[in-house]
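Text of target_29.cif, listed as mmCIF, C-alpha atoms:
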data_entry
#
loop_
_atom_site.group_PDB
_atom_site.id
_atom_site.type_symbol
_atom_site.label_atom_id
_atom_site.label_comp_id
_atom_site.auth_asym_id
_atom_site.auth_seq_id
_atom_site.Cartn_x
_atom_site.Cartn_y
_atom_site.Cartn_z
ATOM 1 C CA MET A 1 -5.823 22.249 21.422
ATOM 2 C CA LYS A 2 -3.564 22.087 18.371
ATOM 3 C CA ASP A 3 -4.221 19.404 15.771
ATOM 4 C CA ASN A 4 -1.114 17.314 16.464
ATOM 5 C CA THR A 5 -0.632 17.671 20.208
ATOM 6 C CA VAL A 6 -1.637 15.411 23.048
ATOM 7 C CA ALA A 7 -2.642 16.440 26.538
ATOM 8 C CA ALA A 8 -0.148 15.613 29.253
ATOM 9 C CA TYR A 9 -1.333 14.327 32.646
ATOM 10 C CA ASN A 10 -1.553 17.936 33.883
ATOM 11 C CA GLY A 11 -3.539 19.100 30.831
ATOM 12 C CA VAL A 12 -0.644 20.838 29.100
ATOM 13 C CA GLU A 13 -0.490 20.328 25.323
ATOM 14 C CA ILE A 14 2.703 18.641 24.191
ATOM 15 C CA TYR A 15 4.148 17.364 20.932
ATOM 16 C CA THR A 16 5.383 13.797 20.978
ATOM 17 C CA ASP A 17 7.646 14.501 18.005
ATOM 18 C CA ASN A 18 9.179 17.570 16.329
ATOM 19 C CA MET A 19 7.600 16.508 13.045
ATOM 20 C CA LEU A 20 4.157 17.033 14.575
ATOM 21 C CA TYR A 21 5.143 20.493 15.801
ATOM 22 C CA PHE A 22 6.205 21.516 12.302
ATOM 23 C CA ALA A 23 3.057 19.984 10.846
ATOM 24 C CA ASP A 24 0.939 22.286 12.998
ATOM 25 C CA GLU A 25 3.185 25.230 12.178
ATOM 26 C CA TYR A 26 2.751 24.574 8.439
ATOM 27 C CA ILE A 27 -1.022 24.184 8.741
ATOM 28 C CA SER A 28 -1.215 27.500 10.621
ATOM 29 C CA THR A 29 0.266 29.258 7.552
ATOM 30 C CA LEU A 30 -2.490 28.033 5.224
ATOM 31 C CA LYS A 31 -5.260 30.463 4.259
ATOM 32 C CA ASN A 32 -7.685 27.562 4.543
ATOM 33 C CA PRO A 33 -6.472 24.880 6.997
ATOM 34 C CA ASP A 34 -8.774 22.314 5.348
ATOM 35 C CA ASP A 35 -6.526 22.492 2.259
ATOM 36 C CA ILE A 36 -4.202 20.103 4.120
ATOM 37 C CA TYR A 37 -6.540 17.323 2.964
ATOM 38 C CA THR A 38 -5.471 17.856 -0.675
ATOM 39 C CA SER A 39 -2.513 15.826 -1.868
ATOM 40 C CA SER A 40 -0.392 18.713 -3.169
ATOM 41 C CA VAL A 41 -0.758 20.738 0.045
ATOM 42 C CA PHE A 42 0.028 17.630 2.094
ATOM 43 C CA THR A 43 3.207 17.102 0.074
ATOM 44 C CA GLY A 44 4.050 20.726 0.857
ATOM 45 C CA LEU A 45 3.688 19.797 4.537
ATOM 46 C CA ILE A 46 6.158 16.938 4.054
ATOM 47 C CA LYS A 47 8.694 19.275 2.422
ATOM 48 C CA TYR A 48 8.186 21.825 5.205
ATOM 49 C CA ILE A 49 8.877 19.196 7.849
ATOM 50 C CA ARG A 50 11.991 18.051 5.944
ATOM 51 C CA ARG A 51 13.321 21.598 5.702
ATOM 52 C CA ASN A 52 12.793 22.315 9.396
ATOM 53 C CA VAL A 53 13.671 19.018 11.065
ATOM 54 C CA LYS A 54 16.901 18.659 9.062
ATOM 55 C CA PHE A 55 17.369 14.923 9.492
ATOM 56 C CA ASP A 56 21.005 13.950 9.829
ATOM 57 C CA LYS A 57 22.251 11.382 7.312
ATOM 58 C CA SER A 58 23.212 9.093 10.182
ATOM 59 C CA ILE A 59 19.534 8.087 10.390
ATOM 60 C CA TYR A 60 20.036 6.051 7.210
ATOM 61 C CA ASP A 61 22.113 3.569 9.195
ATOM 62 C CA ASP A 62 19.505 3.047 11.916
ATOM 63 C CA ILE A 63 16.398 1.177 10.816
ATOM 64 C CA ASP A 64 14.719 1.778 14.179
ATOM 65 C CA ILE A 65 14.959 5.550 13.756
ATOM 66 C CA LEU A 66 13.760 5.265 10.155
ATOM 67 C CA ASN A 67 10.821 3.143 11.268
ATOM 68 C CA ASN A 68 9.915 5.668 13.989
ATOM 69 C CA ILE A 69 9.921 8.416 11.351
ATOM 70 C CA TRP A 70 7.741 6.173 9.146
ATOM 71 C CA GLU A 71 5.283 5.783 12.033
ATOM 72 C CA VAL A 72 4.969 9.563 12.510
ATOM 73 C CA TYR A 73 4.725 10.028 8.732
ATOM 74 C CA THR A 74 1.878 7.506 8.456
ATOM 75 C CA GLU A 75 0.141 9.059 11.469
ATOM 76 C CA LEU A 76 0.035 12.322 9.520
ATOM 77 C CA VAL A 77 -0.916 10.536 6.303
ATOM 78 C CA TYR A 78 -3.955 8.896 7.837
ATOM 79 C CA LYS A 79 -4.977 11.941 9.856
ATOM 80 C CA TYR A 80 -5.082 14.052 6.693
ATOM 81 C CA MET A 81 -6.709 11.343 4.568
ATOM 82 C CA GLN A 82 -3.740 10.631 2.311
ATOM 83 C CA LYS A 83 -2.086 7.370 1.274
ATOM 84 C CA PRO A 84 1.456 6.486 2.304
ATOM 85 C CA THR A 85 4.046 6.200 -0.441
ATOM 86 C CA ILE A 86 7.701 5.283 -0.408
ATOM 87 C CA GLU A 87 8.332 8.232 -2.735
ATOM 88 C CA GLU A 88 6.854 10.774 -0.319
ATOM 89 C CA PHE A 89 8.634 9.188 2.623
ATOM 90 C CA SER A 90 11.925 9.433 0.737
ATOM 91 C CA LEU A 91 11.171 13.139 0.200
ATOM 92 C CA LEU A 92 10.639 13.488 3.955
ATOM 93 C CA ILE A 93 13.925 11.888 4.989
ATOM 94 C CA GLY A 94 15.926 13.425 2.149
ATOM 95 C CA VAL A 95 17.055 10.338 0.310
ATOM 96 C CA HIS A 96 16.336 9.299 -3.262
ATOM 97 C CA ARG A 97 13.620 6.665 -3.537
ATOM 98 C CA ASP A 98 16.008 4.374 -5.434
ATOM 99 C CA THR A 99 18.140 4.250 -2.302
ATOM 100 C CA ILE A 100 15.175 2.975 -0.300
ATOM 101 C CA TYR A 101 14.490 0.369 -2.987
ATOM 102 C CA SER A 102 18.145 -0.709 -2.878
ATOM 103 C CA TRP A 103 17.764 -1.169 0.891
ATOM 104 C CA LEU A 104 14.654 -3.228 0.163
ATOM 105 C CA ASN A 105 16.764 -5.520 -2.021
ATOM 106 C CA GLY A 106 19.257 -5.954 0.802
ATOM 107 C CA GLU A 107 21.938 -3.794 -0.775
ATOM 108 C CA THR A 108 24.134 -1.912 1.659
ATOM 109 C CA ARG A 109 26.945 0.548 1.268
ATOM 110 C CA LYS A 110 30.486 -0.758 1.484
ATOM 111 C CA ASP A 111 31.056 1.151 4.706
ATOM 112 C CA ASP A 112 27.998 -0.298 6.498
ATOM 113 C CA TYR A 113 29.301 -1.755 9.710
ATOM 114 C CA SER A 114 26.596 -4.349 10.241
ATOM 115 C CA ALA A 115 25.719 -7.241 7.943
ATOM 116 C CA GLU A 116 22.396 -7.730 9.710
ATOM 117 C CA LEU A 117 21.409 -4.131 8.977
ATOM 118 C CA GLY A 118 20.586 -5.108 5.380
ATOM 119 C CA THR A 119 18.193 -7.869 6.430
ATOM 120 C CA SER A 120 16.328 -5.934 9.110
ATOM 121 C CA ARG A 121 16.225 -2.885 6.874
ATOM 122 C CA SER A 122 14.852 -4.955 4.000
ATOM 123 C CA ASP A 123 12.182 -6.559 6.195
ATOM 124 C CA THR A 124 11.088 -3.189 7.562
ATOM 125 C CA ILE A 125 10.847 -1.645 4.106
ATOM 126 C CA LYS A 126 8.784 -4.627 2.934
ATOM 127 C CA LYS A 127 6.401 -3.812 5.780
ATOM 128 C CA TRP A 128 6.250 -0.191 4.571
ATOM 129 C CA GLN A 129 5.552 -1.388 1.035
ATOM 130 C CA ASP A 130 2.745 -3.613 2.297
ATOM 131 C CA GLU A 131 1.201 -0.634 4.062
ATOM 132 C CA CYS A 132 1.401 1.411 0.848
ATOM 133 C CA ARG A 133 -0.123 -1.487 -1.117
ATOM 134 C CA LEU A 134 -2.976 -1.744 1.381
ATOM 135 C CA GLY A 135 -3.766 1.951 0.912
ATOM 136 C CA ARG A 136 -3.956 1.499 -2.862
ATOM 137 C CA TYR A 137 -6.069 -1.636 -2.503
ATOM 138 C CA LYS A 138 -8.551 0.031 -0.151
ATOM 139 C CA SER A 139 -8.832 2.950 -2.551
ATOM 140 C CA ALA A 140 -9.540 0.582 -5.442
ATOM 141 C CA ALA A 141 -11.986 -1.478 -3.399
ATOM 142 C CA SER A 142 -13.974 1.672 -2.654
ATOM 143 C CA GLY A 143 -14.393 2.204 -6.404
ATOM 144 C CA ASN A 144 -11.841 5.009 -6.753
ATOM 145 C CA VAL A 145 -10.717 4.932 -10.393
ATOM 146 C CA GLY A 146 -7.270 6.283 -9.515
ATOM 147 C CA GLY A 147 -6.881 3.552 -6.902
ATOM 148 C CA ILE A 148 -7.895 0.911 -9.435
ATOM 149 C CA PHE A 149 -5.353 2.269 -11.923
ATOM 150 C CA LEU A 150 -2.582 2.277 -9.296
ATOM 151 C CA CYS A 151 -3.349 -1.292 -8.242
ATOM 152 C CA LYS A 152 -3.040 -2.350 -11.875
ATOM 153 C CA ALA A 153 0.058 -0.286 -12.665
ATOM 154 C CA VAL A 154 2.028 -0.661 -9.447
ATOM 155 C CA ASP A 155 0.842 -3.939 -7.963
ATOM 156 C CA GLY A 156 0.064 -5.832 -11.180
ATOM 157 C CA MET A 157 -3.518 -6.518 -10.193
ATOM 158 C CA VAL A 158 -6.028 -7.287 -12.926
ATOM 159 C CA GLU A 159 -9.750 -7.038 -13.131
ATOM 160 C CA THR A 160 -11.498 -10.291 -13.856
ATOM 161 C CA ALA A 161 -15.100 -10.660 -14.864
ATOM 162 C CA PRO A 162 -17.011 -13.553 -13.372
ATOM 163 C CA VAL A 163 -16.895 -16.558 -15.676
ATOM 164 C CA PRO A 164 -20.327 -18.082 -16.247
ATOM 165 C CA VAL A 165 -20.555 -21.767 -15.459
ATOM 166 C CA VAL A 166 -21.789 -23.566 -18.552
ATOM 167 C CA ASN A 167 -22.930 -27.154 -18.660
ATOM 168 C CA GLN A 168 -21.207 -28.409 -21.816
ATOM 169 C CA GLU A 169 -23.765 -31.194 -22.149
ATOM 170 C CA GLN A 170 -26.438 -28.569 -22.852
ATOM 171 C CA HIS A 171 -24.735 -27.602 -26.103
ATOM 172 C CA ARG A 172 -24.238 -31.127 -27.505
ATOM 173 C CA THR A 173 -26.590 -33.168 -29.611
ATOM 174 C CA ALA A 174 -27.983 -36.501 -28.440
ATOM 175 C CA GLU A 175 -25.781 -38.267 -31.001
ATOM 176 C CA GLN A 176 -22.599 -36.594 -29.604
ATOM 177 C CA ILE A 177 -23.521 -37.615 -26.085
ATOM 178 C CA ALA A 178 -24.396 -41.180 -27.181
ATOM 179 C CA ALA A 179 -20.999 -41.478 -28.896
ATOM 180 C CA ASP A 180 -19.275 -40.763 -25.569
ATOM 181 C CA TYR A 181 -21.336 -43.381 -23.712
ATOM 182 C CA PRO A 182 -21.731 -46.398 -26.059
ATOM 183 C CA ALA A 183 -22.848 -48.904 -23.392
ATOM 184 C CA GLN A 184 -25.700 -46.653 -22.457
ATOM 185 C CA ALA A 185 -26.543 -45.579 -26.009
ATOM 186 C CA ALA A 186 -29.283 -48.101 -26.654
ATOM 187 C CA LEU A 187 -32.679 -46.931 -25.559
ATOM 188 C CA PRO A 188 -35.155 -49.424 -24.020
ATOM 189 C CA GLY A 189 -37.257 -49.582 -27.190
ATOM 190 C CA ASP A 190 -34.226 -50.332 -29.370
ATOM 191 C CA VAL A 191 -33.216 -53.610 -27.662
ATOM 192 C CA GLU A 192 -34.943 -56.894 -28.379
ATOM 193 C CA PRO A 193 -35.619 -59.058 -25.340
ATOM 194 C CA ASP A 194 -33.534 -62.239 -24.955
ATOM 195 C CA PHE A 195 -36.169 -64.939 -24.264
#

Written as structure tokens, how would this file's structure read?
Amino acid sequence: MKDNTVAAYNGVEIYTDNMLYFADEYISTLKNPDDIYTSSVFTGLIKYIRRNVKFDKSIYDDIDILNNIWEVYTELVYKYMQKPTIEEFSLLIGVHRDTIYSWLNGETRKDDYSAELGTSRSDTIKKWQDECRLGRYKSAASGNVGGIFLCKAVDGMVETAPVPVVNQEQHRTAEQIAADYPAQAALPGDVEPDF
């Protein structure tokens, strides 16, 4: 069975998407198929899919189609132990990443026919960004230095050392403490009885 096929009810291998077909075709050209697990070879896979699928620019106006492509993209990403990125996805669909970020901000072209397209597009891209952020976070949480760096650089996360809890009273003299509590300052031996 090929890497990206599923078995139909009659046992025949089928591809659920053309992108998966071209993924297997690309992997079959590699001298060592396990190289697909390296980031540069995986990006080569993405370019190969882009070149062969030839997405029509009309997909940019349909967030459902874009989201379906995202789903297949992330299926490949996770299968080959990569992390999803908006930049790589933009390479796949053939649009500049700044365009995707403008969609995220709700910007639409003047000839967009639907005002609600901007909102649903923006919400969907926020979901994609969250998925990318999660990949970086999980990488950092596992101790990966590159993941830690990306979380700091891209997501603005900071490392914080645990702050020791210090009892301030431990570092003050008896006189300083007595000055704060004058009614309780007199010790039993210092007070003369009243009889």

Find the smallest box with edges along x, y and z containing every listed atom of segment 120-126 of chain A, then add 3 Å on each side and report centre and edge lengths in Å to one decimal, as JSON.
{"center_x": 12.6, "center_y": -4.1, "center_z": 6.0, "size_x": 13.5, "size_y": 10.9, "size_z": 12.2}

Discussion item. Around the point (-1.6, 5.8, -5.9) (coordinates from the file), which residues reach within 10 Å if we count all atoms listed in the file? Answer as a PyMOL selection string.
Written reply: chain A and resi 82-85+132-133+135-137+139-140+146-151+153-154

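Residue nearest Pro33 of chain A, chosen from A:Tyr80, A:Ile63, A:Tyr21, A:Val12 and counting only C-alpha atoms: A:Tyr80.
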
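Atom to atom, atom CA of Gln129 of chain A and atom CA of Ile49 of chain A stand 21.9 Å apart.
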
Item to complete: Report the residues retrieved by the PyMOL selection byres ((chain A and resi 90-101) around 12) from the displayed file, expressed as a ChimeraX atom specification.
Response: /A:19,42-61,63,65-70,72-74,84-89,102-109,118,121-126,128-129

Fill in: Atomic distance atom CA of Thr16 of chain A - atom CA of Asp34 of chain A, expressed in Å with one decimal
22.7 Å

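The shortest atom-to-atom distance to Ile27 of chain A, with only C-alpha atoms taken into account, belongs to A:Leu76 out of A:Leu76, A:Ala8, A:Arg172, A:Asp64.
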
Worksheet item: So how far away is atom CA of Glu71 of chain A from atom CA of Asp3 of chain A, in Å?
Response: 17.0 Å

Could you write segment 68-99 of chain A of the block just shown to a file containing N, CA and C atoms, as a short mmCIF file (atom, residue, chain, number, x, y, z; two decimals), in the first residue's frame?
data_model
loop_
_atom_site.label_atom_id
_atom_site.label_comp_id
_atom_site.auth_asym_id
_atom_site.auth_seq_id
_atom_site.Cartn_x
_atom_site.Cartn_y
_atom_site.Cartn_z
N ASN A 68 -9.98 23.18 3.23
CA ASN A 68 -9.78 21.77 2.85
C ASN A 68 -8.33 21.53 2.44
N ILE A 69 -7.75 22.46 1.71
CA ILE A 69 -6.33 22.33 1.33
C ILE A 69 -5.46 22.37 2.58
N TRP A 70 -5.80 23.27 3.52
CA TRP A 70 -5.06 23.33 4.80
C TRP A 70 -5.12 21.98 5.51
N GLU A 71 -6.28 21.36 5.53
CA GLU A 71 -6.44 20.07 6.20
C GLU A 71 -5.54 19.00 5.58
N VAL A 72 -5.48 18.95 4.25
CA VAL A 72 -4.60 17.96 3.59
C VAL A 72 -3.14 18.32 3.85
N TYR A 73 -2.83 19.62 3.79
CA TYR A 73 -1.46 20.07 4.08
C TYR A 73 -1.04 19.63 5.48
N THR A 74 -1.89 19.88 6.49
CA THR A 74 -1.50 19.51 7.86
C THR A 74 -1.47 18.00 8.05
N GLU A 75 -2.28 17.27 7.31
CA GLU A 75 -2.20 15.80 7.35
C GLU A 75 -0.79 15.36 6.93
N LEU A 76 -0.29 15.95 5.86
CA LEU A 76 1.06 15.63 5.41
C LEU A 76 2.11 16.11 6.41
N VAL A 77 1.91 17.30 6.93
CA VAL A 77 2.84 17.87 7.90
C VAL A 77 3.02 16.93 9.09
N TYR A 78 1.94 16.48 9.66
CA TYR A 78 2.02 15.64 10.84
C TYR A 78 2.53 14.24 10.51
N LYS A 79 2.13 13.73 9.36
CA LYS A 79 2.59 12.40 8.96
C LYS A 79 4.11 12.37 8.83
N TYR A 80 4.68 13.47 8.31
CA TYR A 80 6.12 13.50 8.06
C TYR A 80 6.88 14.30 9.11
N MET A 81 6.23 14.44 10.29
CA MET A 81 6.86 14.99 11.49
C MET A 81 7.42 16.40 11.28
N GLN A 82 6.63 17.24 10.64
CA GLN A 82 6.96 18.64 10.43
C GLN A 82 6.03 19.49 11.28
N LYS A 83 6.20 20.81 11.18
CA LYS A 83 5.30 21.73 11.87
C LYS A 83 4.63 22.62 10.83
N PRO A 84 3.33 22.83 10.96
CA PRO A 84 2.65 23.67 9.97
C PRO A 84 3.09 25.13 10.09
N THR A 85 3.20 25.78 8.96
CA THR A 85 3.50 27.22 8.94
C THR A 85 2.64 27.89 7.88
N ILE A 86 2.27 29.10 8.15
CA ILE A 86 1.53 29.89 7.16
C ILE A 86 2.40 30.11 5.93
N GLU A 87 3.69 30.31 6.13
CA GLU A 87 4.61 30.56 5.02
C GLU A 87 4.64 29.37 4.06
N GLU A 88 4.74 28.16 4.60
CA GLU A 88 4.79 26.98 3.73
C GLU A 88 3.45 26.75 3.05
N PHE A 89 2.37 27.00 3.78
CA PHE A 89 1.05 26.87 3.18
C PHE A 89 0.88 27.86 2.03
N SER A 90 1.38 29.08 2.22
CA SER A 90 1.27 30.07 1.14
C SER A 90 2.07 29.61 -0.08
N LEU A 91 3.20 28.95 0.15
CA LEU A 91 3.99 28.38 -0.95
C LEU A 91 3.16 27.32 -1.68
N LEU A 92 2.44 26.51 -0.93
CA LEU A 92 1.61 25.45 -1.51
C LEU A 92 0.52 26.02 -2.41
N ILE A 93 -0.19 27.03 -1.94
CA ILE A 93 -1.32 27.54 -2.72
C ILE A 93 -0.93 28.63 -3.71
N GLY A 94 0.33 29.05 -3.67
CA GLY A 94 0.82 30.00 -4.67
C GLY A 94 0.42 31.43 -4.44
N VAL A 95 0.36 31.82 -3.18
CA VAL A 95 0.05 33.21 -2.85
C VAL A 95 1.12 33.70 -1.88
N HIS A 96 1.42 34.97 -1.91
CA HIS A 96 2.41 35.51 -0.99
C HIS A 96 1.85 35.46 0.44
N ARG A 97 2.71 35.20 1.39
CA ARG A 97 2.25 35.09 2.78
C ARG A 97 1.61 36.38 3.27
N ASP A 98 2.06 37.53 2.78
CA ASP A 98 1.46 38.79 3.18
C ASP A 98 -0.02 38.86 2.80
N THR A 99 -0.37 38.20 1.71
CA THR A 99 -1.77 38.16 1.30
C THR A 99 -2.59 37.40 2.34
#
